[in-house]
file protein_2.cif (mmCIF, C-alpha atoms)
data_model
#
loop_
_atom_site.label_atom_id
_atom_site.label_comp_id
_atom_site.auth_asym_id
_atom_site.auth_seq_id
_atom_site.Cartn_x
_atom_site.Cartn_y
_atom_site.Cartn_z
CA MET A 135 -18.66 15.44 37.05
CA LEU A 136 -19.08 12.32 39.17
CA ALA A 137 -20.72 10.51 36.27
CA ALA A 138 -17.83 11.48 34.00
CA MET A 139 -15.32 10.20 36.55
CA ARG A 140 -17.26 6.97 36.92
CA ASP A 141 -17.36 6.66 33.13
CA SER A 142 -13.62 7.17 32.69
CA GLY A 143 -12.96 4.83 35.64
CA ALA A 144 -15.08 2.12 34.02
CA ARG A 145 -13.27 2.64 30.72
CA LEU A 146 -9.90 2.33 32.46
CA ALA A 147 -11.01 -0.89 34.13
CA ALA A 148 -12.22 -2.24 30.78
CA GLY A 149 -8.92 -1.22 29.19
CA ALA A 150 -6.92 -3.03 31.88
CA GLN A 151 -9.08 -6.11 31.44
CA TRP A 152 -8.61 -6.00 27.66
CA ALA A 153 -4.83 -5.69 28.19
CA ASP A 154 -4.90 -8.88 30.29
CA LEU A 155 -7.09 -10.65 27.73
CA MET A 156 -4.74 -9.66 24.89
CA ALA A 157 -1.70 -10.82 26.88
CA ALA A 158 -3.44 -14.19 27.33
CA ALA A 159 -4.40 -14.23 23.62
CA GLN A 160 -0.76 -13.62 22.65
CA ALA A 161 0.09 -16.73 24.65
CA GLY A 162 -2.48 -18.71 22.63
CA ASP A 163 -5.54 -18.57 24.95
CA ARG A 164 -8.39 -18.85 22.42
CA ALA A 165 -11.21 -18.29 24.92
CA ALA A 166 -9.58 -15.05 26.15
CA TYR A 167 -9.10 -13.92 22.56
CA HIS A 168 -12.73 -14.69 21.67
CA ARG A 169 -13.90 -12.70 24.67
CA LEU A 170 -11.60 -9.81 23.83
CA LEU A 171 -12.73 -9.60 20.20
CA THR A 172 -16.38 -9.81 21.24
CA GLU A 173 -15.95 -7.13 23.92
CA ILE A 174 -14.03 -4.66 21.74
CA THR A 175 -16.46 -4.95 18.80
CA PRO A 176 -18.98 -2.31 20.04
CA TYR A 177 -16.12 0.12 20.76
CA VAL A 178 -14.57 -0.54 17.37
CA ARG A 179 -18.00 -0.13 15.76
CA SER A 180 -18.40 3.29 17.40
CA ILE A 181 -15.06 4.39 15.89
CA ALA A 182 -16.00 2.98 12.46
CA GLY A 183 -19.31 4.85 12.73
CA ARG A 184 -17.44 8.16 12.79
CA TYR A 185 -16.13 7.50 9.28
CA HIS A 186 -18.93 5.51 7.63
CA ARG A 187 -22.64 6.03 7.34
CA THR A 188 -24.29 2.91 5.99
CA ARG A 189 -24.55 -0.21 8.16
CA GLU A 190 -22.71 -2.31 5.54
CA ASP A 191 -19.78 0.11 5.39
CA VAL A 192 -19.53 0.27 9.19
CA GLU A 193 -19.59 -3.53 9.44
CA ASP A 194 -16.99 -3.88 6.68
CA ALA A 195 -14.75 -1.41 8.54
CA VAL A 196 -15.29 -3.31 11.83
CA GLN A 197 -14.20 -6.56 10.18
CA ASP A 198 -11.21 -4.84 8.60
CA ILE A 199 -10.17 -3.54 12.04
CA LEU A 200 -10.60 -6.97 13.70
CA LEU A 201 -8.50 -8.55 10.94
CA SER A 202 -5.75 -5.96 11.46
CA VAL A 203 -5.84 -6.50 15.24
CA HIS A 204 -5.42 -10.22 14.55
CA THR A 205 -2.59 -9.71 12.05
CA ILE A 206 -0.44 -7.43 14.22
CA ARG A 207 -1.42 -8.65 17.69
CA HIS A 208 2.25 -9.39 18.36
CA THR A 209 2.96 -5.63 18.34
CA TYR A 210 1.00 -5.07 21.57
CA ASP A 211 3.12 -4.64 24.69
CA PRO A 212 1.04 -5.70 27.75
CA SER A 213 2.98 -3.32 30.00
CA ARG A 214 1.32 -0.43 28.14
CA PRO A 215 -2.37 0.60 27.98
CA PHE A 216 -4.47 -1.35 25.47
CA GLY A 217 -6.83 1.51 24.56
CA PRO A 218 -4.44 3.68 22.52
CA TRP A 219 -3.11 0.61 20.68
CA LEU A 220 -6.61 -0.42 19.62
CA ALA A 221 -7.85 3.12 18.94
CA THR A 222 -4.98 3.86 16.52
CA ILE A 223 -5.58 0.66 14.55
CA ALA A 224 -9.33 1.32 14.44
CA ASP A 225 -8.89 4.94 13.36
CA ARG A 226 -6.34 4.14 10.65
CA ARG A 227 -8.25 1.20 9.20
CA ALA A 228 -11.59 3.02 9.18
CA LEU A 229 -9.99 6.06 7.55
CA ASP A 230 -8.19 3.89 4.98
CA ARG A 231 -11.45 2.19 4.05
CA LEU A 232 -13.15 5.56 3.72
CA ARG A 233 -10.36 6.76 1.41
CA LYS A 234 -10.69 3.62 -0.71
CA ARG A 235 -14.45 4.05 -0.89
CA LEU A 236 -14.18 7.71 -1.92
CA ARG A 237 -11.62 6.80 -4.59
CA SER A 238 -13.87 4.15 -6.09
CA ALA A 239 -16.90 6.44 -5.77
CA GLY A 240 -15.04 8.99 -7.91
CA ARG A 241 -14.75 6.43 -10.71
CA GLU A 242 -18.23 4.92 -10.51
CA THR A 243 -21.73 6.30 -10.90
CA ALA A 244 -24.44 4.34 -9.23
CA LEU A 245 -27.47 3.57 -11.41
CA GLU A 246 -30.52 5.02 -9.80
CA PRO A 247 -34.23 4.74 -10.68
CA VAL A 248 -34.02 8.12 -12.40
CA HIS A 249 -31.69 6.63 -15.03
CA GLU A 250 -34.50 4.35 -16.19
CA THR A 251 -37.20 5.68 -18.47
CA PHE A 252 -39.99 3.41 -17.23
CA ALA A 253 -40.31 1.05 -14.33
CA ALA A 254 -40.99 -2.00 -16.51
CA ALA A 255 -37.80 -3.76 -17.61
CA PRO A 256 -38.69 -4.27 -21.32
CA ALA A 257 -39.24 -0.55 -21.70
CA ASN A 258 -35.57 0.06 -20.96
CA SER A 259 -34.16 -2.17 -23.64
CA GLY A 260 -33.92 0.73 -26.09
CA THR A 261 -34.71 0.02 -29.74
CA ALA A 262 -33.82 -3.68 -29.56
CA GLY A 263 -37.47 -4.71 -29.87
CA LEU A 264 -38.09 -2.46 -32.87
CA GLU A 265 -35.01 -3.74 -34.68
CA ALA A 266 -36.01 -7.37 -34.11
CA GLU A 267 -39.35 -6.67 -35.80
CA GLU A 268 -37.67 -4.98 -38.76
CA LEU A 269 -35.30 -7.90 -39.09
CA ALA A 270 -38.09 -10.45 -39.05
CA ARG A 271 -39.92 -8.50 -41.78
CA ALA A 272 -36.73 -8.23 -43.89
CA LEU A 273 -36.16 -11.99 -43.50
CA GLU A 274 -39.66 -12.68 -44.83
CA ARG A 275 -39.01 -10.57 -47.91
CA LEU A 276 -35.88 -12.54 -48.86
CA PRO A 277 -36.06 -15.04 -51.79
CA PRO A 278 -36.95 -18.52 -50.36
CA GLY A 279 -33.53 -20.06 -51.14
CA GLN A 280 -31.64 -17.29 -49.36
CA ARG A 281 -34.01 -17.32 -46.38
CA GLN A 282 -33.70 -21.07 -46.02
CA ALA A 283 -29.86 -20.94 -46.18
CA LEU A 284 -29.77 -18.22 -43.52
CA GLU A 285 -32.20 -20.03 -41.22
CA LEU A 286 -30.30 -23.30 -41.38
CA LEU A 287 -26.77 -21.90 -41.12
CA LYS A 288 -27.19 -18.89 -38.84
CA LEU A 289 -30.35 -19.43 -36.81
CA LYS A 290 -30.25 -23.23 -36.41
CA GLU A 291 -26.44 -23.11 -36.45
CA MET A 292 -26.06 -26.12 -38.77
CA SER A 293 -22.72 -26.84 -40.41
CA LEU A 294 -22.45 -26.41 -44.21
CA LYS A 295 -22.39 -30.19 -44.58
CA GLU A 296 -25.57 -30.69 -42.52
CA ALA A 297 -27.37 -27.89 -44.37
CA SER A 298 -26.29 -29.37 -47.67
CA ALA A 299 -27.66 -32.79 -46.67
CA ALA A 300 -30.92 -31.23 -45.47
CA THR A 301 -31.59 -29.15 -48.59
CA GLY A 302 -29.83 -31.10 -51.33
CA LEU A 303 -28.01 -27.91 -52.35
CA SER A 304 -24.26 -27.85 -52.88
CA ILE A 305 -22.01 -26.23 -50.26
CA THR A 306 -21.00 -23.50 -52.74
CA ALA A 307 -24.65 -22.71 -53.50
CA LEU A 308 -25.38 -22.43 -49.77
CA LYS A 309 -22.40 -20.12 -49.24
CA VAL A 310 -23.48 -17.86 -52.11
CA ALA A 311 -27.09 -17.79 -50.85
CA THR A 312 -26.01 -16.89 -47.30
CA HIS A 313 -23.68 -14.18 -48.54
CA ARG A 314 -26.41 -12.62 -50.71
CA ALA A 315 -28.98 -12.89 -47.93
CA LEU A 316 -26.73 -11.13 -45.42
CA LYS A 317 -25.90 -8.44 -47.95
CA SER A 318 -29.53 -7.64 -48.67
CA LEU A 319 -30.44 -7.74 -44.95
CA ARG A 320 -27.62 -5.30 -44.21
CA LEU A 321 -28.90 -2.98 -46.93
CA VAL A 322 -32.46 -3.12 -45.60
CA MET A 323 -31.37 -2.49 -41.97
CA GLN A 324 -29.05 0.37 -42.92
CA GLY A 325 -31.79 1.99 -44.97
CA LYS A 326 -34.05 1.99 -41.89
CA ARG A 327 -31.54 3.96 -39.75
CA MET B 158 -19.02 -12.09 3.34
CA ALA B 159 -19.07 -13.56 6.83
CA THR B 160 -20.85 -11.74 9.65
CA THR B 161 -18.76 -10.15 12.41
CA PRO B 162 -19.55 -12.89 15.01
CA GLU B 163 -18.54 -15.50 12.41
CA LEU B 164 -15.28 -13.66 11.78
CA ILE B 165 -14.59 -13.52 15.54
CA GLU B 166 -15.17 -17.30 15.74
CA ARG B 167 -12.70 -17.90 12.94
CA LEU B 168 -10.06 -15.49 14.26
CA SER B 169 -10.17 -16.88 17.79
CA ALA B 170 -9.93 -20.43 16.43
CA ASP B 171 -6.72 -19.29 14.71
CA ALA B 172 -5.21 -17.66 17.83
CA ALA B 173 -1.86 -19.43 17.81
CA PRO B 174 0.69 -18.09 20.31
CA VAL B 175 2.70 -15.16 18.95
CA ARG B 176 6.11 -13.81 19.89
CA ARG B 177 5.92 -10.23 21.11
CA LEU B 178 8.20 -7.66 19.57
CA ARG B 179 11.07 -6.39 21.69
CA ALA B 180 11.11 -2.73 22.74
CA PRO B 181 11.66 -0.34 19.79
CA GLY B 182 14.94 0.93 21.29
CA TRP B 183 16.41 -2.59 21.23
CA ARG B 184 15.17 -3.21 17.74
CA ALA B 185 16.68 0.08 16.53
CA LEU B 186 19.99 -0.94 18.10
CA ALA B 187 19.81 -4.31 16.36
CA TRP B 188 19.25 -2.64 12.99
CA LEU B 189 22.09 -0.15 13.62
CA ALA B 190 24.39 -3.07 14.47
CA ILE B 191 23.47 -4.84 11.21
CA ALA B 192 23.91 -1.60 9.22
CA SER B 193 27.30 -0.95 10.85
CA ALA B 194 28.42 -4.49 10.07
CA LEU B 195 27.36 -4.12 6.44
CA ILE B 196 29.17 -0.78 6.06
CA ALA B 197 32.25 -2.27 7.78
CA VAL B 198 32.26 -5.19 5.31
CA VAL B 199 32.04 -2.85 2.31
CA THR B 200 34.79 -0.63 3.81
CA ALA B 201 36.98 -3.71 4.36
CA ILE B 202 36.49 -4.75 0.72
CA VAL B 203 36.92 -1.30 -0.85
CA GLY B 204 39.48 0.01 1.66
CA LEU B 205 39.35 2.90 4.09
CA ARG B 206 39.34 6.26 2.37
CA PRO B 207 42.81 7.84 2.41
CA GLY B 208 43.08 11.10 4.32
CA LEU B 209 39.86 10.56 6.27
CA LEU B 210 41.36 11.66 9.60
CA ALA B 211 42.82 14.80 8.05
CA ALA B 212 39.46 15.61 6.44
CA LEU B 213 37.75 15.30 9.82
CA HIS B 214 39.80 18.26 11.04
CA ASP B 215 37.61 20.43 8.82
CA PRO B 216 34.89 21.50 11.30
CA VAL B 217 32.10 21.70 8.69
CA PHE B 218 32.93 18.24 7.34
CA ALA B 219 33.20 16.76 10.86
CA LEU B 220 29.92 18.39 11.88
CA GLY B 221 28.20 17.06 8.76
CA ARG B 222 29.41 13.50 9.41
CA ALA B 223 28.41 13.63 13.08
CA ALA B 224 24.98 14.94 12.04
CA ALA B 225 24.58 12.11 9.49
CA LEU B 226 25.35 9.58 12.23
CA ALA B 227 22.93 11.27 14.64
CA THR B 228 20.23 11.31 11.91
CA ALA B 229 20.70 7.59 11.30
CA VAL B 230 20.53 6.74 15.03
CA THR B 231 17.53 8.94 15.89
CA GLY B 232 15.87 8.05 12.58
CA ALA B 233 16.13 4.34 13.33
CA LEU B 234 14.59 4.85 16.77
CA ALA B 235 11.79 6.97 15.26
CA THR B 236 11.12 4.34 12.56
CA PHE B 237 10.67 1.55 15.11
CA GLU B 238 8.55 3.72 17.41
CA LEU B 239 6.32 4.89 14.53
CA SER B 240 5.78 1.33 13.35
CA LEU B 241 3.82 0.57 16.55
CA PRO B 242 0.17 1.58 16.88
CA ASP B 243 0.40 2.93 20.43
CA ARG B 244 3.28 5.35 19.87
CA ALA B 245 2.91 9.04 19.09
CA GLY B 246 3.27 10.35 15.55
CA ARG B 247 5.52 13.04 17.02
CA TRP B 248 8.41 10.54 16.89
CA LEU B 249 8.78 11.64 13.28
CA LEU B 250 10.13 14.98 14.54
CA LEU B 251 13.04 13.44 16.48
CA PRO B 252 15.56 13.05 13.62
CA LEU B 253 14.59 16.31 11.89
CA PRO B 254 17.01 18.73 13.69
CA PHE B 255 19.94 16.37 12.99
CA ALA B 256 18.78 15.91 9.39
CA ALA B 257 18.59 19.67 8.97
CA LEU B 258 22.17 20.00 10.25
CA TRP B 259 23.41 17.13 8.07
CA LEU B 260 21.75 18.36 4.87
CA GLY B 261 22.59 21.96 5.85
CA THR B 262 26.33 21.22 5.91
CA MET B 263 26.04 19.66 2.45
CA GLY B 264 24.05 22.62 1.17
CA TYR B 265 26.61 24.97 2.73
CA GLY B 266 29.40 23.07 0.92
CA CYS B 267 27.53 23.39 -2.38
CA LEU B 268 27.02 27.10 -1.89
CA ALA B 269 30.66 27.70 -0.90
CA ASP B 270 31.89 25.79 -3.97
CA LEU B 271 29.48 27.61 -6.22
CA LEU B 272 30.77 30.97 -4.97
CA VAL B 273 34.40 29.93 -5.49
CA GLU B 274 34.15 28.00 -8.74
CA GLY B 275 31.01 29.45 -10.25
CA PRO B 276 28.69 27.31 -12.39
CA ALA B 277 31.82 25.97 -14.14
CA GLY B 278 32.43 23.82 -11.05
CA LEU B 279 29.35 21.81 -11.93
CA GLN B 280 30.49 18.93 -14.09
CA PHE B 281 29.40 15.41 -14.76
CA GLY B 282 31.07 12.88 -12.55
CA GLY B 283 28.85 12.56 -9.51
CA GLU B 284 27.27 9.32 -10.71
CA PRO B 285 29.54 6.96 -8.70
CA CYS B 286 28.54 8.70 -5.45
CA LEU B 287 24.89 8.64 -6.40
CA ARG B 288 25.05 4.98 -7.39
CA SER B 289 26.95 3.99 -4.23
CA ILE B 290 24.47 5.69 -1.90
CA VAL B 291 21.42 4.25 -3.63
CA LEU B 292 22.95 0.75 -3.86
CA MET B 293 24.13 0.87 -0.24
CA SER B 294 20.68 1.81 0.97
CA LEU B 295 19.07 -1.19 -0.75
CA PRO B 296 20.32 -3.96 1.61
CA LEU B 297 19.96 -1.63 4.61
CA GLY B 298 16.39 -0.88 3.50
CA ALA B 299 15.55 -4.54 2.99
CA VAL B 300 16.59 -5.38 6.57
CA LEU B 301 14.75 -2.36 7.96
CA PHE B 302 11.61 -3.21 6.00
CA VAL B 303 11.55 -6.79 7.25
CA MET B 304 11.85 -5.48 10.82
CA VAL B 305 8.95 -2.98 10.52
CA ARG B 306 6.70 -4.79 8.05
CA HIS B 307 3.90 -4.86 10.65
CA ALA B 308 3.51 -1.07 10.20
CA GLY B 309 1.36 -1.47 7.06
CA PRO B 310 -2.08 -1.29 8.69
CA VAL B 311 -1.03 1.53 11.02
CA ARG B 312 1.36 4.22 9.74
CA PRO B 313 2.90 3.04 6.48
CA VAL B 314 3.89 6.43 5.09
CA ALA B 315 5.24 8.04 8.30
CA THR B 316 7.24 4.88 9.06
CA ALA B 317 8.60 4.81 5.51
CA LEU B 318 9.49 8.51 5.63
CA ALA B 319 11.47 8.08 8.85
CA GLY B 320 12.94 4.86 7.45
CA GLY B 321 13.97 6.53 4.18
CA LEU B 322 15.69 9.35 6.07
CA THR B 323 17.49 6.77 8.23
CA LEU B 324 18.64 4.78 5.19
CA ALA B 325 19.84 7.86 3.35
CA ALA B 326 21.78 9.12 6.40
CA ALA B 327 23.33 5.70 7.07
CA ALA B 328 24.29 5.14 3.42
CA GLU B 329 25.60 8.67 2.86
CA GLY B 330 27.39 8.72 6.22
CA GLY B 331 28.80 5.23 5.63
CA LEU B 332 30.11 6.30 2.23
CA THR B 333 32.45 8.72 4.04
CA LEU B 334 34.47 5.74 5.29
CA PHE B 335 35.32 4.17 1.95
CA HIS B 336 34.45 6.56 -0.84
CA ASP B 337 36.93 9.21 -1.90
CA VAL B 338 34.85 12.35 -1.81
CA GLU B 339 36.50 15.53 -3.02
CA ALA B 340 33.73 17.62 -1.53
CA SER B 341 33.34 19.23 -4.93
CA LEU B 342 30.10 20.86 -5.95
CA THR B 343 29.31 17.92 -8.24
CA ASP B 344 29.88 15.32 -5.51
CA LEU B 345 27.86 17.19 -2.93
CA LEU B 346 24.97 17.67 -5.34
CA ALA B 347 25.11 13.98 -6.24
CA HIS B 348 24.86 13.15 -2.52
CA LEU B 349 21.86 15.43 -2.09
CA VAL B 350 20.15 13.96 -5.14
CA ALA B 351 20.85 10.43 -3.87
CA VAL B 352 19.36 11.31 -0.47
CA ALA B 353 16.27 12.69 -2.19
CA ILE B 354 15.97 9.55 -4.34
CA VAL B 355 16.25 7.19 -1.35
CA ILE B 356 13.69 9.14 0.72
CA GLY B 357 11.38 9.58 -2.28
CA LEU B 358 11.45 5.92 -3.25
CA SER B 359 10.91 4.74 0.32
CA THR B 360 7.93 7.02 0.85
CA SER B 361 6.23 6.54 -2.50
CA GLY B 362 6.74 2.77 -2.45
CA ALA B 363 5.55 2.38 1.14
CA ARG B 364 1.89 1.50 0.63
CA PRO B 365 2.35 -0.99 -2.26
CA LEU B 366 5.34 -2.59 -0.52
CA PHE B 367 3.53 -3.05 2.79
CA ARG B 368 0.50 -4.39 0.92
CA LEU B 369 2.62 -6.82 -1.05
CA LEU B 370 5.08 -7.99 1.60
CA GLY B 371 3.42 -7.05 4.89
CA PRO B 372 2.06 -9.67 7.27
CA ARG B 373 -0.56 -11.86 5.59
CA ARG B 374 -4.14 -11.17 6.56
CA ALA B 375 -5.39 -14.61 5.66
CA VAL B 376 -8.69 -15.41 7.31
CA PRO B 377 -8.58 -18.99 8.50
#
call {"tool": "encode", "arguments": {"input": "protein_2.cif", "output": "C-alpha cells"}}
result
Amino acid sequence: MLAAMRDSGARLAAGAQWADLMAAAQAGDRAAYHRLLTEITPYVRSIAGRYHRTREDVEDAVQDILLSVHTIRHTYDPSRPFGPWLATIADRRALDRLRKRLRSAGRETALEPVHETFAAAPANSGTAGLEAEELARALERLPPGQRQALELLKLKEMSLKEASAATGLSITALKVATHRALKSLRLVMQGKR
Amino acid sequence: MATTPELIERLSADAAPVRRLRAPGWRALAWLAIASALIAVVTAIVGLRPGLLAALHDPVFALGRAAALATAVTGALATFELSLPDRAGRWLLLPLPFAALWLGTMGYGCLADLLVEGPAGLQFGGEPCLRSIVLMSLPLGAVLFVMVRHAGPVRPVATALAGGLTLAAAAEGGLTLFHDVEASLTDLLAHLVAVAIVIGLSTSGARPLFRLLGPRRAVP
C-alpha cells in the first residue's frame, strides 16, 4: 500500500516536472526539450511494448511517438497534467503502427528457411542450370555459320555492321543465319520440355 | 533509420518556440463566429427567406431549427475538445441528444408528409437543397479542418465525425435563413441525404486528409 502510494507520488512528481519541461520546450528551450524527450522515452517504450513484440517494432513505434509529440507539442496546455496528454499520443501512435503492420502482414508472406529446398543457394535456382546445359549443347549442334552469327550478334552483342566486318558476310546473310539459328534453338528447347 | 537517441538530438535541435493553442471553448466560438458570418453573407446575397417568422410559429419546425443550432454549437465544442490528446473521448456524446432531436424533427416531418400524401408526395426536386447544404458545408469544413488539423496523430476519425455533424447542422440550419423550404417530403429527404453525405464524407476522408494536409512531420 505504502509502496503503491510512493510509486504514484513519484509518478505525479515526474509528471509535474515533465509539464514544466514541456512548457519550457514550447518557449524554445532546447536543453529542457532534450531532457524531456530523453526522460519520457522509457515510459513511451513501455507503452509501445504493449502493442509490439520485436525490439525493432517497439523502437519504430517509440520514434513514431516522439515525432508526433514534436509535431503537435503546441497542443499541450501546461495548466493541465502532462501524463494523459503523452499517454494518449503514445497509445494512438503505437496502435496505429500495429494496425499498419497487421495490414501489410496480411498482404505479404515472409520467406522462411522451409521455403528453400536446400541450404546451398545454387540448389534453389530451379532448372536454370539444366536449361543452360541444354542450350550450350544445342548451340554446339548448330551449323558453323549460324553458330558464329549468333555468338557475334547475341552473345558478344556486336552490331550487324561490326559482325559483317568481322566475318566478311553480308548483313542480309547474317540476319538470315541468326533467324535460322534462333528458330532451330527454339525447336530444340521446346522439344526438351 | 536513425537510433532513438539520434532522433532526440535532432528533434531537440529543432525545438523552435511554438504558439500554444487557445482553450477549445474559445476556438469553437471563433469557428462559430466565422460560420455565422459566412451564412450571413450568403443570406445577404440570396435574401432572407420570405415567411420565416411565420414558419417559426410551427412548434415542430421551431424545435428542429433550435436543435440544429444546438447541434452546431455543441458539435463545434466537441470537435475542438476531441482534437486534443488530453481530452476525453466522451466529448463525442455531447452533441448527440441535440442531433437526435434535430434529425428526429426532420424524420417526423417526413413521416407526417408520407401519411398525408402517400408515396406520391415523393418527387424529384430536392436537388437544390441537397446541393446547397453540401456546397455550404465545404467552406465551413475547410475552416474547421484548418483549425483542428493537429488531430491527425491523435483522434482523426472521432474528430472528423463530430466535425461532420457540426458542419451538417450548421449548413442545414443556416439554409433555413435563405432557402425557401416547403417542408415537403422531397425537401426533407433531400436534407437528410445531404446531412448523411456531409457526415459520411468527413468521416471517410478524415485519415487521408489529415495525412495529406496535417502538420508536417519533417525530421530536421
call {"tool": "resolve_selection", "arguments": {"input": "protein_2.cif", "expression": "the PyMOL selection byres ((chain A and resi 231-239) around 12)", "output": "PyMOL selection string"}}
result
(chain A and resi 182-188+191-199+224-230+240-244) or (chain B and resi 310)
call {"tool": "resolve_selection", "arguments": {"input": "protein_2.cif", "expression": "the PyMOL selection byres ((chain B) within 6 of (chain A))", "output": "VMD selection string"}}
result
chain B and resid 169 172 to 175 177 to 178 242 to 243 311 374
call {"tool": "resolve_selection", "arguments": {"input": "protein_2.cif", "expression": "the PyMOL selection byres ((chain B and resi 236) around 6)", "output": "list of chain:residue names"}}
result
B:Ala233, B:Leu234, B:Ala235, B:Phe237, B:Glu238, B:Leu239, B:Thr316, B:Ala319, B:Gly320
call {"tool": "atom_distance", "arguments": {"input": "protein_2.cif", "atom1": "CA of Leu319 (chain A)", "atom2": "CA of Lys295 (chain A)"}}
result
23.9 Å
call {"tool": "atom_distance", "arguments": {"input": "protein_2.cif", "atom1": "CA of Cys286 (chain B)", "atom2": "CA of Val203 (chain B)"}}
result
13.8 Å
call {"tool": "residues_around", "arguments": {"input": "protein_2.cif", "residues": "Leu342 (chain B)", "least_positions_apart": "2", "cutoff": "6 Å", "atoms": "all atoms listed in the file", "output": "list of chain:residue names"}}
result
B:Cys267, B:Asp270, B:Asp344, B:Leu345
call {"tool": "atom_distance", "arguments": {"input": "protein_2.cif", "atom1": "CA of Gly309 (chain B)", "atom2": "CA of Leu369 (chain B)"}}
result
9.8 Å
call {"tool": "residues_around", "arguments": {"input": "protein_2.cif", "residues": "Leu303 (chain A)", "least_positions_apart": "6", "cutoff": "12 Å", "atoms": "all atoms listed in the file", "output": "PDB file with C-alpha atoms, keeping the file's coordinate frame"}}
result
ATOM      1  CA  GLY A 279     -33.530 -20.060 -51.140  1.00  0.00           C
ATOM      2  CA  GLN A 280     -31.640 -17.290 -49.360  1.00  0.00           C
ATOM      3  CA  GLN A 282     -33.700 -21.070 -46.020  1.00  0.00           C
ATOM      4  CA  ALA A 283     -29.860 -20.940 -46.180  1.00  0.00           C
ATOM      5  CA  LEU A 294     -22.450 -26.410 -44.210  1.00  0.00           C
ATOM      6  CA  LYS A 295     -22.390 -30.190 -44.580  1.00  0.00           C
ATOM      7  CA  GLU A 296     -25.570 -30.690 -42.520  1.00  0.00           C
ATOM      8  CA  ALA A 297     -27.370 -27.890 -44.370  1.00  0.00           C
ATOM      9  CA  LYS A 309     -22.400 -20.120 -49.240  1.00  0.00           C
ATOM     10  CA  VAL A 310     -23.480 -17.860 -52.110  1.00  0.00           C
ATOM     11  CA  ALA A 311     -27.090 -17.790 -50.850  1.00  0.00           C
TER      12      ALA A 311
END
call {"tool": "closest_residue", "arguments": {"input": "protein_2.cif", "among": "A:Leu284, A:Leu316, A:Met323, A:Ile305", "to": "Arg271 (chain A)", "atoms": "all atoms listed in the file"}}
result
A:Met323
call {"tool": "axis_aligned_box", "arguments": {"input": "protein_2.cif", "around": "region 252-264 of chain B", "padding_each_side": "6 Å", "output": "AutoDock Vina command-line options"}}
result
--center_x 20.5 --center_y 17.8 --center_z 7.4 --size_x 23.7 --size_y 21.6 --size_z 24.5
call {"tool": "residues_around", "arguments": {"input": "protein_2.cif", "residues": "region 305-307 of chain B", "least_positions_apart": "3", "cutoff": "7 Å", "atoms": "only C-alpha atoms", "output": "PyMOL selection string"}}
result
(chain A and resi 206) or (chain B and resi 237+240+301-302+367+371-372)
call {"tool": "residues_around", "arguments": {"input": "protein_2.cif", "residues": "Trp259 (chain B)", "least_positions_apart": "2", "cutoff": "12 Å", "atoms": "all atoms listed in the file", "output": "tab-separated table (two decimals) with C-alpha atoms, in the coordinates of the input"}}
result
chain	number	residue	atom	x	y	z
B	217	VAL	CA	32.10	21.70	8.69
B	218	PHE	CA	32.93	18.24	7.34
B	219	ALA	CA	33.20	16.76	10.86
B	220	LEU	CA	29.92	18.39	11.88
B	221	GLY	CA	28.20	17.06	8.76
B	222	ARG	CA	29.41	13.50	9.41
B	223	ALA	CA	28.41	13.63	13.08
B	224	ALA	CA	24.98	14.94	12.04
B	225	ALA	CA	24.58	12.11	9.49
B	226	LEU	CA	25.35	9.58	12.23
B	227	ALA	CA	22.93	11.27	14.64
B	228	THR	CA	20.23	11.31	11.91
B	229	ALA	CA	20.70	7.59	11.30
B	252	PRO	CA	15.56	13.05	13.62
B	253	LEU	CA	14.59	16.31	11.89
B	254	PRO	CA	17.01	18.73	13.69
B	255	PHE	CA	19.94	16.37	12.99
B	256	ALA	CA	18.78	15.91	9.39
B	257	ALA	CA	18.59	19.67	8.97
B	261	GLY	CA	22.59	21.96	5.85
B	262	THR	CA	26.33	21.22	5.91
B	263	MET	CA	26.04	19.66	2.45
B	264	GLY	CA	24.05	22.62	1.17
B	265	TYR	CA	26.61	24.97	2.73
B	266	GLY	CA	29.40	23.07	0.92
B	322	LEU	CA	15.69	9.35	6.07
B	323	THR	CA	17.49	6.77	8.23
B	325	ALA	CA	19.84	7.86	3.35
B	326	ALA	CA	21.78	9.12	6.40
B	327	ALA	CA	23.33	5.70	7.07
B	329	GLU	CA	25.60	8.67	2.86
B	330	GLY	CA	27.39	8.72	6.22
B	345	LEU	CA	27.86	17.19	-2.93
B	348	HIS	CA	24.86	13.15	-2.52
B	349	LEU	CA	21.86	15.43	-2.09
B	352	VAL	CA	19.36	11.31	-0.47
call {"tool": "closest_residue", "arguments": {"input": "protein_2.cif", "among": "B:Leu346, B:Leu370, B:Ile290, B:Leu295", "to": "Leu268 (chain B)", "atoms": "all atoms listed in the file"}}
result
B:Leu346
call {"tool": "closest_residue", "arguments": {"input": "protein_2.cif", "among": "B:Ile202, B:Ala212, B:Ala347, B:Ala269", "to": "Glu284 (chain B)", "atoms": "all atoms listed in the file"}}
result
B:Ala347
call {"tool": "decode", "arguments": {"input": "protein_2.cif", "residues": "region 157-163 of chain A", "atoms": "N, CA and C atoms", "output": "PDB file, in the first residue's frame"}}
result
ATOM      1  N   ALA A 157       6.625  22.987 -21.001  1.00  0.00           N
ATOM      2  CA  ALA A 157       6.309  24.425 -21.080  1.00  0.00           C
ATOM      3  C   ALA A 157       7.556  25.193 -21.529  1.00  0.00           C
ATOM      4  N   ALA A 158       8.713  24.801 -20.971  1.00  0.00           N
ATOM      5  CA  ALA A 158       9.970  25.462 -21.361  1.00  0.00           C
ATOM      6  C   ALA A 158      10.300  25.151 -22.823  1.00  0.00           C
ATOM      7  N   ALA A 159      10.053  23.885 -23.224  1.00  0.00           N
ATOM      8  CA  ALA A 159      10.325  23.484 -24.619  1.00  0.00           C
ATOM      9  C   ALA A 159       9.455  24.278 -25.588  1.00  0.00           C
ATOM     10  N   GLN A 160       8.193  24.505 -25.198  1.00  0.00           N
ATOM     11  CA  GLN A 160       7.294  25.283 -26.064  1.00  0.00           C
ATOM     12  C   GLN A 160       7.813  26.706 -26.260  1.00  0.00           C
ATOM     13  N   ALA A 161       8.569  27.170 -25.247  1.00  0.00           N
ATOM     14  CA  ALA A 161       9.132  28.525 -25.356  1.00  0.00           C
ATOM     15  C   ALA A 161      10.462  28.518 -26.104  1.00  0.00           C
ATOM     16  N   GLY A 162      10.920  27.331 -26.514  1.00  0.00           N
ATOM     17  CA  GLY A 162      12.140  27.243 -27.322  1.00  0.00           C
ATOM     18  C   GLY A 162      13.386  26.811 -26.553  1.00  0.00           C
ATOM     19  N   ASP A 163      13.207  26.298 -25.320  1.00  0.00           N
ATOM     20  CA  ASP A 163      14.358  25.855 -24.509  1.00  0.00           C
ATOM     21  C   ASP A 163      14.786  24.455 -24.978  1.00  0.00           C
TER      22      ASP A 163
END
